[in-house]
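Let me begin by presenting the structure, written as structure tokens, before commenting on it.
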Amino acid sequence: MIASTPQQRPTAATEAEHQPTSPIVQMSGITVEFPGVKALENVDFRLFPGEVHALMGENGAGKSTLIKALTGVNQIASGSITVNATPIRFSGPADARENGISTVYQEVNLCTNLTVAENIMLGSEPRRFGGLDWRSMRRQAAVFLKRMGLNIDPGSSLGSHSLAVQQLVAISRAMVVDAKVLILDEPTSSLDTDEVEQLFAVMRQLREDGVAILFVSHFLDQIYAISDRITILRNGALVEERLTGELPQRELVSLMIAGTSDATVGQVIERNVVSARKSDAKPLLQAVGLGRKGAVQPFDLELYPGEVIGMAGLLGSGRTELARLLYGADKADEGSIQLHGVQAKLRTPRQALGHKIAYTSEDRKGEGVIGDLSVAENIILGLQAARGWTRPLPATKAAQVVDAYIKALGVRPANPQALLKNLSGGNQQKVLLARWLATAPKLLLLDEPTRGIDIGAKTEIMNLVSELAEQGMSVVFISAELEEVLRLSDRIVVMRDHTKVAEIPSSQDVDVPRLIEIIATGEENT
């Protein structure tokens, strides 16, 4: 393992004093277009030698698109890229790697069935007499391992080591080509505290060696522990570039999530958000010390009938992970759940459905809609899953259910045989809601139900949430748009760095600036 000691970050003045005059990477006016959308528009970005530069932004801000533009995965529509003052246009990641720009992704792209040395030297294997020189391979790999501070056998199987060690092996491989630019895309998402510090020790050493590091992470504390400079993107556009020491956390959060408009919720039915809970009400669900290592720190939560619980926090704060534990999509390592005061096991979504708990994923395309099936087929999927596939839903009953929900939710076009992939994003979201409402849930977990849809569809869905709560359904509403959370919620749970840091009643005293403050500081009373 790595021997490391925490180091203080240099002050902003020190950073500026030692700042190289010329960036190693300069991206100017970068525009990337996909059919019907500009993923990046006129974005500038610069990366200096010997710095850790954090790239920040919420989901859809353009972080991955910018990295892919630099490494040649995405072709730019306009703008220019220079590396060491030389104009470049890479044909792909391999071309970028040959020119000293290496990328290490969140999911370690290595072969766990091969040895550590084989993984490090993959593509750069030393040869002798027409074959691989295994002794030289292990010897060269040992040099790179030493640079990473790793004291492990180069001949050992990569799969026998922890994820943190595998991350460092991936970085070792990146350095084989003498990388001058190292891109680390969410490398800490699956690491514990000690493993993160191991990685940071290596990053600090690489920084001292003059390597320029582009670091992507959703952990605010980590950003401030390791980065020298921050660039913020929002909706495909550059917001600001600032020295880390000159950018307070609360301002960073505000810059990342600002720009949501009251117009998106201006026509939403006003709810009495004083509290739907009566003094003698009993919780529908109680989570006590519920947690999952690497996903959510243990938390307590009570959900009451007729309440909307809003979940606020940045991307990756643990909002989705919390909802998945309540639904049984992920298995908790510790803690318990009670339903109506009785201990319950929610180890699978099927068990959750049996307890009248439904969940719509934030990944509408990957985990929700089945585009090649019809609207009708998508709507009855949840009801059929709850019944079991050995008890087919009668055709007459299915038609009645589909017709009722198409009308109730205003799905357009109102054609049950239309392929779902041909509907707009807002109407696809309505079909997903219909799927789970058909199961008559008592608890509905909605993860970003208004993302990527037009204002009219947002308003309709938010009104539906209000109506469901008025009818006694318990709703967990997750949204990156804080105005939506404030408008709909009876209580607001704030997540930060996979930890529940606050639970506050919605009232006139709670506004967007206060929520931003809590998200940034992790403290309710600020």
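By convention here, the chains of the structure tokens are called A, B, ... in the order presented, each chain's residues are numbered starting at 1, and ligands are numbered starting at 1 in the order presented.
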Q. Quick one: residues within 9 Å of Ala440 of chain A, only C-alpha atoms counted, chain neighbours fewer than 5 positions away excluded, as an MDAnalysis selection string?
A. chainID A and resid 356:358 383
Serialized selection, N, CA, C and O atoms, as a PDB file, in the first residue's frame:
```pdb
ATOM      1  N   LYS A 356     -46.162  -2.424  -2.565  1.00  0.00           N
ATOM      2  CA  LYS A 356     -46.748  -1.219  -3.155  1.00  0.00           C
ATOM      3  C   LYS A 356     -45.778  -0.039  -3.153  1.00  0.00           C
ATOM      4  O   LYS A 356     -46.143   1.100  -2.851  1.00  0.00           O
ATOM      5  N   ILE A 357     -44.521  -0.323  -3.479  1.00  0.00           N
ATOM      6  CA  ILE A 357     -43.503   0.721  -3.639  1.00  0.00           C
ATOM      7  C   ILE A 357     -43.059   0.712  -5.094  1.00  0.00           C
ATOM      8  O   ILE A 357     -42.701  -0.339  -5.635  1.00  0.00           O
ATOM      9  N   ALA A 358     -43.094   1.866  -5.743  1.00  0.00           N
ATOM     10  CA  ALA A 358     -42.715   1.969  -7.151  1.00  0.00           C
ATOM     11  C   ALA A 358     -41.617   3.014  -7.310  1.00  0.00           C
ATOM     12  O   ALA A 358     -41.512   3.950  -6.516  1.00  0.00           O
ATOM     13  N   LEU A 383     -47.493  -3.587 -13.937  1.00  0.00           N
ATOM     14  CA  LEU A 383     -48.610  -4.364 -13.410  1.00  0.00           C
ATOM     15  C   LEU A 383     -48.399  -5.848 -13.664  1.00  0.00           C
ATOM     16  O   LEU A 383     -48.657  -6.687 -12.794  1.00  0.00           O
TER      17      LEU A 383
END
```
Per residue of segment 359-435 of chain A within 12 Å of segment 475-492 of chain A, record the nearest atom pair and its distance in Å to one decimal, counting only C-alpha atoms, with rows in chain order and ascending residue number, as JSON lines.
```
{"residue": "A:Tyr359", "atom": "CA", "partner": "A:Val476", "partner_atom": "CA", "distance": 9.3}
{"residue": "A:Thr360", "atom": "CA", "partner": "A:Phe477", "partner_atom": "CA", "distance": 10.3}
{"residue": "A:Ser361", "atom": "CA", "partner": "A:Ile478", "partner_atom": "CA", "distance": 10.1}
{"residue": "A:Glu362", "atom": "CA", "partner": "A:Ile478", "partner_atom": "CA", "distance": 8.9}
```
**Q.** Two-atom distance - atom CA of Ala77 of chain A, atom CA of Lys38 of chain A (Å)
**A.**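 Taking atom CA of Ala77 of chain A and atom CA of Lys38 of chain A, their separation equals 9.6 Å.
Taking atom CA of Ala212 of chain A as the reference point, atom CA of Asn84 of chain A is found at 11.8 Å.
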Q: Could you please determine the separation between atom CA of Gly426 of chain A and atom CA of Gly410 of chain A in Å, to one decimal place?
A: 10.6 Å
**Q.** Nearby residues (only C-alpha atoms) at most 9 Å from Val177 of chain A, same-chain spacing under 6 positions excluded, as a ChimeraX atom specification
**A.** /A:97-102,124
Would you put the residues from that selection into a file with C-alpha atoms, as a PDB file, in the first residue's frame?
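Saved as again_19.pdb:
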```pdb
ATOM      1  CA  ARG A  97      -2.301   8.883 -25.734  1.00  0.00           C
ATOM      2  CA  GLU A  98       0.548   8.763 -28.230  1.00  0.00           C
ATOM      3  CA  ASN A  99       0.747  12.540 -27.879  1.00  0.00           C
ATOM      4  CA  GLY A 100       0.998  12.464 -24.096  1.00  0.00           C
ATOM      5  CA  ILE A 101      -2.674  12.758 -23.048  1.00  0.00           C
ATOM      6  CA  SER A 102      -3.965   9.761 -21.084  1.00  0.00           C
ATOM      7  CA  SER A 124       3.889  -1.144 -24.927  1.00  0.00           C
TER       8      SER A 124
END
```
(Q) I'd like the neighbourhood of Arg89 of chain A as a PyMOL selection string, where a residue qualifies if any of its atoms comes within 12 Å (using only C-alpha atoms), though same-chain residues fewer than 2 positions away should be ignored. (A) chain A and resi 27+68-83+86-87+91-93+95-96+99
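Shortest separation to Tyr327 of chain A among A:Thr390, A:Leu444, A:His340, A:Leu373 occurs at residue A:Leu444, atoms counted being only C-alpha atoms.
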Q.
I'd like to know which residues of segment 343-480 of chain A are strand (DSSP E or B) (by DSSP, run on the backbone); could you write them as a list in words?
A. Gln343, Ala344, Ile357, Ala358, Tyr359, Thr360, Ser374, Leu419, Leu443, Leu444, Leu445, Leu446, Asp447, Ser474, Val475, Val476, Phe477 and Ile478 of chain A
Please produce a file of those selected residues containing N, CA and C atoms, as a compact mmCIF listing (two decimals), in the first residue's frame.
```
# COMPACT_ATOMS: atom_id res chain seq x y z
N GLN A 343 -41.35 -4.99 10.47
CA GLN A 343 -40.07 -5.19 9.79
C GLN A 343 -40.29 -5.78 8.41
N ALA A 344 -39.61 -5.22 7.41
CA ALA A 344 -39.78 -5.68 6.03
C ALA A 344 -38.43 -5.88 5.38
N ILE A 357 -44.52 -0.32 -3.48
CA ILE A 357 -43.50 0.72 -3.64
C ILE A 357 -43.06 0.71 -5.09
N ALA A 358 -43.09 1.87 -5.74
CA ALA A 358 -42.71 1.97 -7.15
C ALA A 358 -41.62 3.01 -7.31
N TYR A 359 -40.81 2.85 -8.36
CA TYR A 359 -39.64 3.72 -8.56
C TYR A 359 -39.44 4.00 -10.04
N THR A 360 -39.27 5.27 -10.39
CA THR A 360 -38.90 5.62 -11.75
C THR A 360 -37.46 6.13 -11.73
N SER A 374 -44.71 -0.78 -27.68
CA SER A 374 -45.76 0.23 -27.81
C SER A 374 -46.00 0.94 -26.49
N LEU A 419 -45.22 3.35 -31.08
CA LEU A 419 -43.95 2.97 -30.46
C LEU A 419 -43.50 4.08 -29.51
N LEU A 443 -46.23 4.19 -2.06
CA LEU A 443 -45.03 5.02 -2.04
C LEU A 443 -44.46 5.07 -3.46
N LEU A 444 -44.29 6.29 -3.97
CA LEU A 444 -43.77 6.49 -5.32
C LEU A 444 -42.46 7.26 -5.23
N LEU A 445 -41.38 6.63 -5.72
CA LEU A 445 -40.06 7.24 -5.72
C LEU A 445 -39.77 7.76 -7.13
N LEU A 446 -39.67 9.08 -7.26
CA LEU A 446 -39.49 9.72 -8.57
C LEU A 446 -38.10 10.34 -8.63
N ASP A 447 -37.25 9.79 -9.46
CA ASP A 447 -35.87 10.27 -9.59
C ASP A 447 -35.73 11.10 -10.87
N SER A 474 -47.65 8.62 -0.65
CA SER A 474 -46.37 9.15 -0.20
C SER A 474 -45.44 9.23 -1.41
N VAL A 475 -44.79 10.38 -1.59
CA VAL A 475 -43.95 10.59 -2.77
C VAL A 475 -42.57 11.09 -2.34
N VAL A 476 -41.53 10.45 -2.89
CA VAL A 476 -40.17 10.97 -2.76
C VAL A 476 -39.81 11.58 -4.11
N PHE A 477 -39.51 12.89 -4.11
CA PHE A 477 -39.31 13.64 -5.34
C PHE A 477 -37.87 14.13 -5.39
N ILE A 478 -37.09 13.59 -6.34
CA ILE A 478 -35.68 13.96 -6.50
C ILE A 478 -35.55 14.86 -7.72
```
Q | Top pick for closest residue to Gly149 of chain A, considering A:Val169, A:Ile337, A:Glu58, A:Thr188 and counting only C-alpha atoms | A | A:Val169
Q.
Please determine, counting only C-alpha atoms, which residue among A:Thr21, A:Glu195, A:Gly294, A:Ser424 has the shortest atom-to-atom distance to Ser162 of chain A.
A.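 Comparing A:Thr21, A:Glu195, A:Gly294, A:Ser424 against Ser162 of chain A, the winner is A:Glu195.
Among the candidates A:Gly335, A:Pro283, A:Gly472, A:Pro49, the one nearest to Ile213 of chain A when counting only C-alpha atoms is A:Pro49.
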Q.
Taking only segment 250-441 of chain A into account, list the residues labelled helix (DSSP H, G or I) by DSSP (computed from the backbone), as a PyMOL selection string.
A. chain A and resi 250-257+262-264+319-327+349-354+364-367+375-387+395-409+420-422+425-437
Q) For Leu515 of chain A, which residue among A:Gly354, A:Gly313, A:Gly123, A:Gly306 is the nearest when counting only C-alpha atoms? A)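 Nearest to Leu515 of chain A: A:Gly313.
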Q) Pick from A:Leu346, A:Glu51, A:Glu118, A:Gln384: nearest to Met203 of chain A, with only C-alpha atoms counted? A)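 Of A:Leu346, A:Glu51, A:Glu118, A:Gln384, the one nearest Met203 of chain A, counting only C-alpha atoms, is A:Glu51.
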**Q.** Spatial neighbours of Leu339 of chain A, max dist 10 Å, only C-alpha atoms, sep filter under 3 positions, as an NGL selection string
**A.** :A and (283-287 or 303 or 342-345 or 355)
